[in-house]
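Colleague: Below are the structure tokens for one structure; questions will follow.
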Amino acid sequence: LVDLTTLNISNNPMQHFVFKVIDKLTNLTTLNLSNCGRDFDNTPYLDKLVNLTDINMSHNQLSRIPEQVYLLEKLRRVNFSHNHIRELSSLIDTWTELVTLDMSHNLLTALHPHICKCTKLKRLFVSDNKITFEGIPAGISKCSQLEHFIASHNKLECIPEGMCRCYSLKKLILTSNCLLTLPEAIHYLKLERLDTSNNPNLEMPPKPKVEVPGAGPEFYHIDFDSKLLQQGAVVTSSKIAKTSYTKQKERYMKLQRGRKSSVNSRSSDEDSARKVLKGLVDIADYKQQHTSHDSDVMSAGAGIELDEESYTLKVPKRWDETLVRPDLDYSSLFMDDTGTLPGITMWQIENFYPVLVEDALRHHFYMGDTYIILNTFFNDDLELDWDIHYWIGQDSPVDKKACSAMHAVNLRNMLGCRRRLKREEQNDESEEFKELFDYNIDYIE
């Protein structure tokens, strides 16, 4: 049996059977142990079956996928449906050849973010689990070859925007969930089948209007020059009355705020008053340092007394005070609670938009991509402050480089940050940037 390539012993009562020599079948490519009474304790060691491409261990009593299965790098079709699996391991990224994954009828609440590294994945079945909106990684768009996403009978309130960037998607089944709405980009997918039945609270998004180049800042999200603003280049869009869909979308936006805690921001009146007071103090200090000397010189030369009221001090403006913040709606780019809690937040530029990066992938940088990194902290005055970096990979195209810089400006404008943006390039990062990641930066081709 050394040359055996296919072994199918499914539907047999083998709870107490011990596989002692299965690791000798090194030429095995297909293994079917479905409905054989397997659990985590009596599952055979499979790590030596290095040529295995298909494995079926459905209809068993497994509480998780055995770690030795994750070490089989040639797996293309994996079926662990109808078990009691609660989570996927971070080792799932070793399945680089994975095409089909069936995890339906389990107890999953989330898909591990490392599933986004399975870039050849075409069919993903996760029906009859407990997956919520937060359980689908925001970087799911990296699975660019995904064709079938079957997730009926879960607890999905929506799907992430990244799902709508899987442009190969043909079948999207979301029946019997808790859907409130779907991303507007759903209309751009060329789906052969979209099933959202049995979602009573679902409000489908309206088809987006075609934007005309030059239609204003809402289309380009560009930081316009102050002269252009004075000339009327930017036109403030009128407010739109709320519809049932926009109300559902507001509820959906709240779901995206993963952090439940919040920090009370300063009110606009208090902030303005603080700035005015600080300005008056700075001017008074400046006068105190220079008025005495200037008064003596002018009095000695002209023989007259200096009139304090006629003396006007002109203080040069800071670089950031000359900038004009465009009247744009940044909610389509960043969450409303962005920058309200200390910590690091990271976005990856995908299809001209910033996409939030999962915490588990924060140290990984793709050489062909660009990123925006926000460091939120308390300054010496115990007030929230921000450092904004944008990182550029050595193989990233020009459009991604431009978008990372542009959206970094948008982020600074949204937060009202007074610090300069910091450009970071691969292999030439600043010490400050490296320290944010504990000097642990992993470049991925």
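Scheme for the structure tokens: letters A, B, ... for chains in order shown; per-chain residue numbers from 1; ligand numbers from 1 in order shown.
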Glu445 in chain A: which residues within 10 Å, counting only C-alpha atoms, same-chain residues fewer than 5 positions away excluded, as a PDB file with N, CA, C and O atoms, in the first residue's frame?
Modeller:
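In the end it all went to around-v1.pdb:
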```
ATOM      1  N   PHE A 365       4.087  43.770   6.103  1.00  0.00           N
ATOM      2  CA  PHE A 365       4.000  44.787   5.066  1.00  0.00           C
ATOM      3  C   PHE A 365       4.286  44.138   3.708  1.00  0.00           C
ATOM      4  O   PHE A 365       5.350  43.551   3.507  1.00  0.00           O
ATOM      5  N   TYR A 366       3.329  44.259   2.791  1.00  0.00           N
ATOM      6  CA  TYR A 366       3.529  43.741   1.443  1.00  0.00           C
ATOM      7  C   TYR A 366       4.353  44.749   0.630  1.00  0.00           C
ATOM      8  O   TYR A 366       4.057  45.946   0.633  1.00  0.00           O
ATOM      9  N   MET A 367       5.381  44.234  -0.056  1.00  0.00           N
ATOM     10  CA  MET A 367       6.301  45.111  -0.772  1.00  0.00           C
ATOM     11  C   MET A 367       5.614  45.877  -1.904  1.00  0.00           C
ATOM     12  O   MET A 367       6.082  46.938  -2.309  1.00  0.00           O
ATOM     13  N   GLY A 368       4.527  45.337  -2.430  1.00  0.00           N
ATOM     14  CA  GLY A 368       3.830  45.993  -3.523  1.00  0.00           C
ATOM     15  C   GLY A 368       2.682  46.862  -3.075  1.00  0.00           C
ATOM     16  O   GLY A 368       1.884  47.298  -3.916  1.00  0.00           O
ATOM     17  N   ASP A 369       2.585  47.142  -1.765  1.00  0.00           N
ATOM     18  CA  ASP A 369       1.470  47.919  -1.235  1.00  0.00           C
ATOM     19  C   ASP A 369       1.974  49.153  -0.496  1.00  0.00           C
ATOM     20  O   ASP A 369       3.171  49.312  -0.246  1.00  0.00           O
ATOM     21  N   GLY A 393       5.994  50.616  -0.074  1.00  0.00           N
ATOM     22  CA  GLY A 393       6.781  49.443  -0.422  1.00  0.00           C
ATOM     23  C   GLY A 393       7.606  49.685  -1.678  1.00  0.00           C
ATOM     24  O   GLY A 393       7.243  50.502  -2.534  1.00  0.00           O
ATOM     25  N   ASP A 395       8.034  47.919  -4.264  1.00  0.00           N
ATOM     26  CA  ASP A 395       7.412  47.484  -5.519  1.00  0.00           C
ATOM     27  C   ASP A 395       6.028  48.094  -5.734  1.00  0.00           C
ATOM     28  O   ASP A 395       5.298  47.675  -6.628  1.00  0.00           O
TER      29      ASP A 395
END
```
Colleague: Tell me, which residues of range 7-239 of chain A carry DSSP alpha helix (DSSP H), written as a ChimeraX atom specification?
Modeller: /A:67-70,217-220,226-230
Colleague: Could the residues in this selection be saved with all heavy atoms as a short mmCIF file (atom, residue, chain, number, x, y, z; two decimals), in the first residue's frame?
Modeller:
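The resulting file, again.cif, is reproduced below:
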```cif
data_model
loop_
_atom_site.label_atom_id
_atom_site.label_comp_id
_atom_site.auth_asym_id
_atom_site.auth_seq_id
_atom_site.Cartn_x
_atom_site.Cartn_y
_atom_site.Cartn_z
N GLU A 67 -3.28 20.42 14.55
CA GLU A 67 -2.19 21.27 14.08
C GLU A 67 -1.40 20.63 12.96
O GLU A 67 -0.89 21.32 12.06
CB GLU A 67 -1.27 21.64 15.23
CG GLU A 67 -1.90 22.60 16.23
CD GLU A 67 -0.91 23.07 17.27
OE1 GLU A 67 0.27 22.68 17.17
OE2 GLU A 67 -1.31 23.83 18.17
N GLN A 68 -1.27 19.29 12.97
CA GLN A 68 -0.48 18.66 11.92
C GLN A 68 -1.13 18.82 10.56
O GLN A 68 -0.44 18.77 9.52
CB GLN A 68 -0.25 17.17 12.22
CG GLN A 68 -1.51 16.31 12.25
CD GLN A 68 -2.06 16.16 13.64
OE1 GLN A 68 -1.80 17.00 14.50
NE2 GLN A 68 -2.80 15.08 13.89
N VAL A 69 -2.45 19.03 10.52
CA VAL A 69 -3.12 19.26 9.24
C VAL A 69 -2.70 20.59 8.64
O VAL A 69 -2.56 20.74 7.41
CB VAL A 69 -4.65 19.18 9.41
CG1 VAL A 69 -5.37 19.48 8.10
CG2 VAL A 69 -5.06 17.80 9.92
N TYR A 70 -2.49 21.59 9.51
CA TYR A 70 -2.06 22.90 9.02
C TYR A 70 -0.68 22.85 8.36
O TYR A 70 -0.33 23.74 7.58
CB TYR A 70 -2.03 23.91 10.16
CG TYR A 70 -3.40 24.35 10.64
CD1 TYR A 70 -3.85 24.00 11.91
CD2 TYR A 70 -4.24 25.11 9.84
CE1 TYR A 70 -5.09 24.41 12.38
CE2 TYR A 70 -5.49 25.52 10.29
CZ TYR A 70 -5.91 25.16 11.55
OH TYR A 70 -7.14 25.56 12.00
N PRO A 217 -14.92 67.82 -4.51
CA PRO A 217 -14.01 67.11 -3.59
C PRO A 217 -14.57 65.80 -3.10
O PRO A 217 -13.81 64.93 -2.71
CB PRO A 217 -13.86 68.11 -2.43
CG PRO A 217 -15.11 68.93 -2.47
CD PRO A 217 -15.45 69.05 -3.92
N GLU A 218 -15.90 65.64 -3.09
CA GLU A 218 -16.47 64.39 -2.62
C GLU A 218 -16.03 63.23 -3.52
O GLU A 218 -15.99 62.08 -3.09
CB GLU A 218 -18.00 64.45 -2.58
CG GLU A 218 -18.55 65.38 -1.51
CD GLU A 218 -18.52 66.84 -1.93
OE1 GLU A 218 -18.10 67.10 -3.07
OE2 GLU A 218 -18.88 67.69 -1.12
N PHE A 219 -15.69 63.56 -4.78
CA PHE A 219 -15.26 62.51 -5.70
C PHE A 219 -13.77 62.24 -5.57
O PHE A 219 -13.32 61.11 -5.54
CB PHE A 219 -15.61 62.92 -7.13
CG PHE A 219 -15.19 61.92 -8.17
CD1 PHE A 219 -15.76 60.67 -8.18
CD2 PHE A 219 -14.22 62.22 -9.11
CE1 PHE A 219 -15.38 59.73 -9.13
CE2 PHE A 219 -13.84 61.30 -10.05
CZ PHE A 219 -14.43 60.05 -10.07
N TYR A 220 -12.97 63.30 -5.48
CA TYR A 220 -11.52 63.13 -5.48
C TYR A 220 -10.92 63.01 -4.09
O TYR A 220 -9.85 62.44 -3.93
CB TYR A 220 -10.87 64.32 -6.19
CG TYR A 220 -11.05 64.30 -7.68
CD1 TYR A 220 -11.97 65.14 -8.30
CD2 TYR A 220 -10.32 63.43 -8.47
CE1 TYR A 220 -12.14 65.12 -9.66
CE2 TYR A 220 -10.48 63.41 -9.84
CZ TYR A 220 -11.40 64.26 -10.44
OH TYR A 220 -11.57 64.22 -11.78
N SER A 226 -5.81 76.85 -0.74
CA SER A 226 -6.68 77.88 -0.17
C SER A 226 -7.15 78.88 -1.23
O SER A 226 -8.27 79.39 -1.17
CB SER A 226 -5.94 78.62 0.94
OG SER A 226 -4.74 79.20 0.42
N LYS A 227 -6.31 79.16 -2.25
CA LYS A 227 -6.73 80.09 -3.30
C LYS A 227 -7.89 79.52 -4.10
O LYS A 227 -8.83 80.23 -4.47
CB LYS A 227 -5.55 80.39 -4.21
CG LYS A 227 -4.44 81.17 -3.52
CD LYS A 227 -3.32 81.48 -4.51
CE LYS A 227 -2.20 82.27 -3.82
NZ LYS A 227 -1.09 82.58 -4.75
N LEU A 228 -7.82 78.22 -4.37
CA LEU A 228 -8.92 77.59 -5.09
C LEU A 228 -10.19 77.62 -4.28
O LEU A 228 -11.29 77.78 -4.81
CB LEU A 228 -8.55 76.15 -5.44
CG LEU A 228 -7.40 75.96 -6.43
CD1 LEU A 228 -7.11 74.49 -6.63
CD2 LEU A 228 -7.72 76.61 -7.76
N LEU A 229 -10.05 77.46 -2.96
CA LEU A 229 -11.23 77.51 -2.10
C LEU A 229 -11.87 78.89 -2.15
O LEU A 229 -13.10 79.02 -2.20
CB LEU A 229 -10.84 77.14 -0.67
CG LEU A 229 -10.37 75.71 -0.44
CD1 LEU A 229 -9.83 75.56 0.97
CD2 LEU A 229 -11.51 74.74 -0.65
N GLN A 230 -11.04 79.95 -2.15
CA GLN A 230 -11.58 81.31 -2.18
C GLN A 230 -12.25 81.61 -3.51
O GLN A 230 -13.17 82.41 -3.59
CB GLN A 230 -10.45 82.29 -1.94
CG GLN A 230 -9.86 82.20 -0.53
CD GLN A 230 -8.64 83.08 -0.35
OE1 GLN A 230 -8.22 83.75 -1.29
NE2 GLN A 230 -8.08 83.08 0.85
#
```
Colleague: Could you please write out, as an MDAnalysis selection string, every residue of range 38-106 of chain A that DSSP assigns to strand (DSSP E)?
Modeller: chainID A and resid 54:56 77:79 100:102
Colleague: How about saving the chosen residues, N, CA and C atoms kept, as an mmCIF file, in the first residue's frame?
Modeller:
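The new file out_14.cif reads:
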```
data_model
loop_
_atom_site.group_PDB
_atom_site.id
_atom_site.type_symbol
_atom_site.label_atom_id
_atom_site.label_comp_id
_atom_site.auth_asym_id
_atom_site.auth_seq_id
_atom_site.Cartn_x
_atom_site.Cartn_y
_atom_site.Cartn_z
ATOM 1 N N ASP A 54 -6.197 16.624 -0.860
ATOM 2 C CA ASP A 54 -7.619 16.622 -0.498
ATOM 3 C C ASP A 54 -7.793 15.894 0.822
ATOM 4 N N ILE A 55 -8.486 16.553 1.753
ATOM 5 C CA ILE A 55 -8.781 15.909 3.026
ATOM 6 C C ILE A 55 -10.224 16.200 3.408
ATOM 7 N N ASN A 56 -10.932 15.157 3.828
ATOM 8 C CA ASN A 56 -12.334 15.277 4.235
ATOM 9 C C ASN A 56 -12.486 14.614 5.601
ATOM 10 N N ARG A 77 -8.114 21.166 -1.243
ATOM 11 C CA ARG A 77 -9.521 21.045 -0.848
ATOM 12 C C ARG A 77 -9.582 20.498 0.583
ATOM 13 N N VAL A 78 -10.206 21.277 1.474
ATOM 14 C CA VAL A 78 -10.283 20.927 2.897
ATOM 15 C C VAL A 78 -11.742 20.971 3.322
ATOM 16 N N ASN A 79 -12.207 19.876 3.951
ATOM 17 C CA ASN A 79 -13.605 19.792 4.392
ATOM 18 C C ASN A 79 -13.633 19.344 5.854
ATOM 19 N N THR A 100 -10.517 25.285 -2.018
ATOM 20 C CA THR A 100 -11.851 25.096 -1.439
ATOM 21 C C THR A 100 -11.730 24.822 0.055
ATOM 22 N N LEU A 101 -12.491 25.556 0.840
ATOM 23 C CA LEU A 101 -12.525 25.346 2.292
ATOM 24 C C LEU A 101 -13.982 25.284 2.734
ATOM 25 N N ASP A 102 -14.351 24.162 3.352
ATOM 26 C CA ASP A 102 -15.722 23.965 3.832
ATOM 27 C C ASP A 102 -15.688 23.837 5.351
#
```
Colleague: If we count only C-alpha atoms and set the cut-off at 7 Å, which residues sit around range 347-356 of chain A, ignoring sequence neighbours fewer than 3 positions away in its own chain? Please answer as a PyMOL selection string.
Modeller: chain A and resi 138+333+369-373+400+403-404
Colleague: Please indicate the distance in Å from CA of Ile22 in chain A to CA of Val99 in chain A, rounded to one decimal place.
Modeller: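 Those two atoms sit 24.8 Å apart.
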Colleague: If you count only C-alpha atoms, which residues fall within 8 Å of range 121-130 of chain A, apart from same-chain ones fewer than 6 positions away, as a VMD selection string?
Modeller: chain A and resid 97 to 110 143 145 to 155
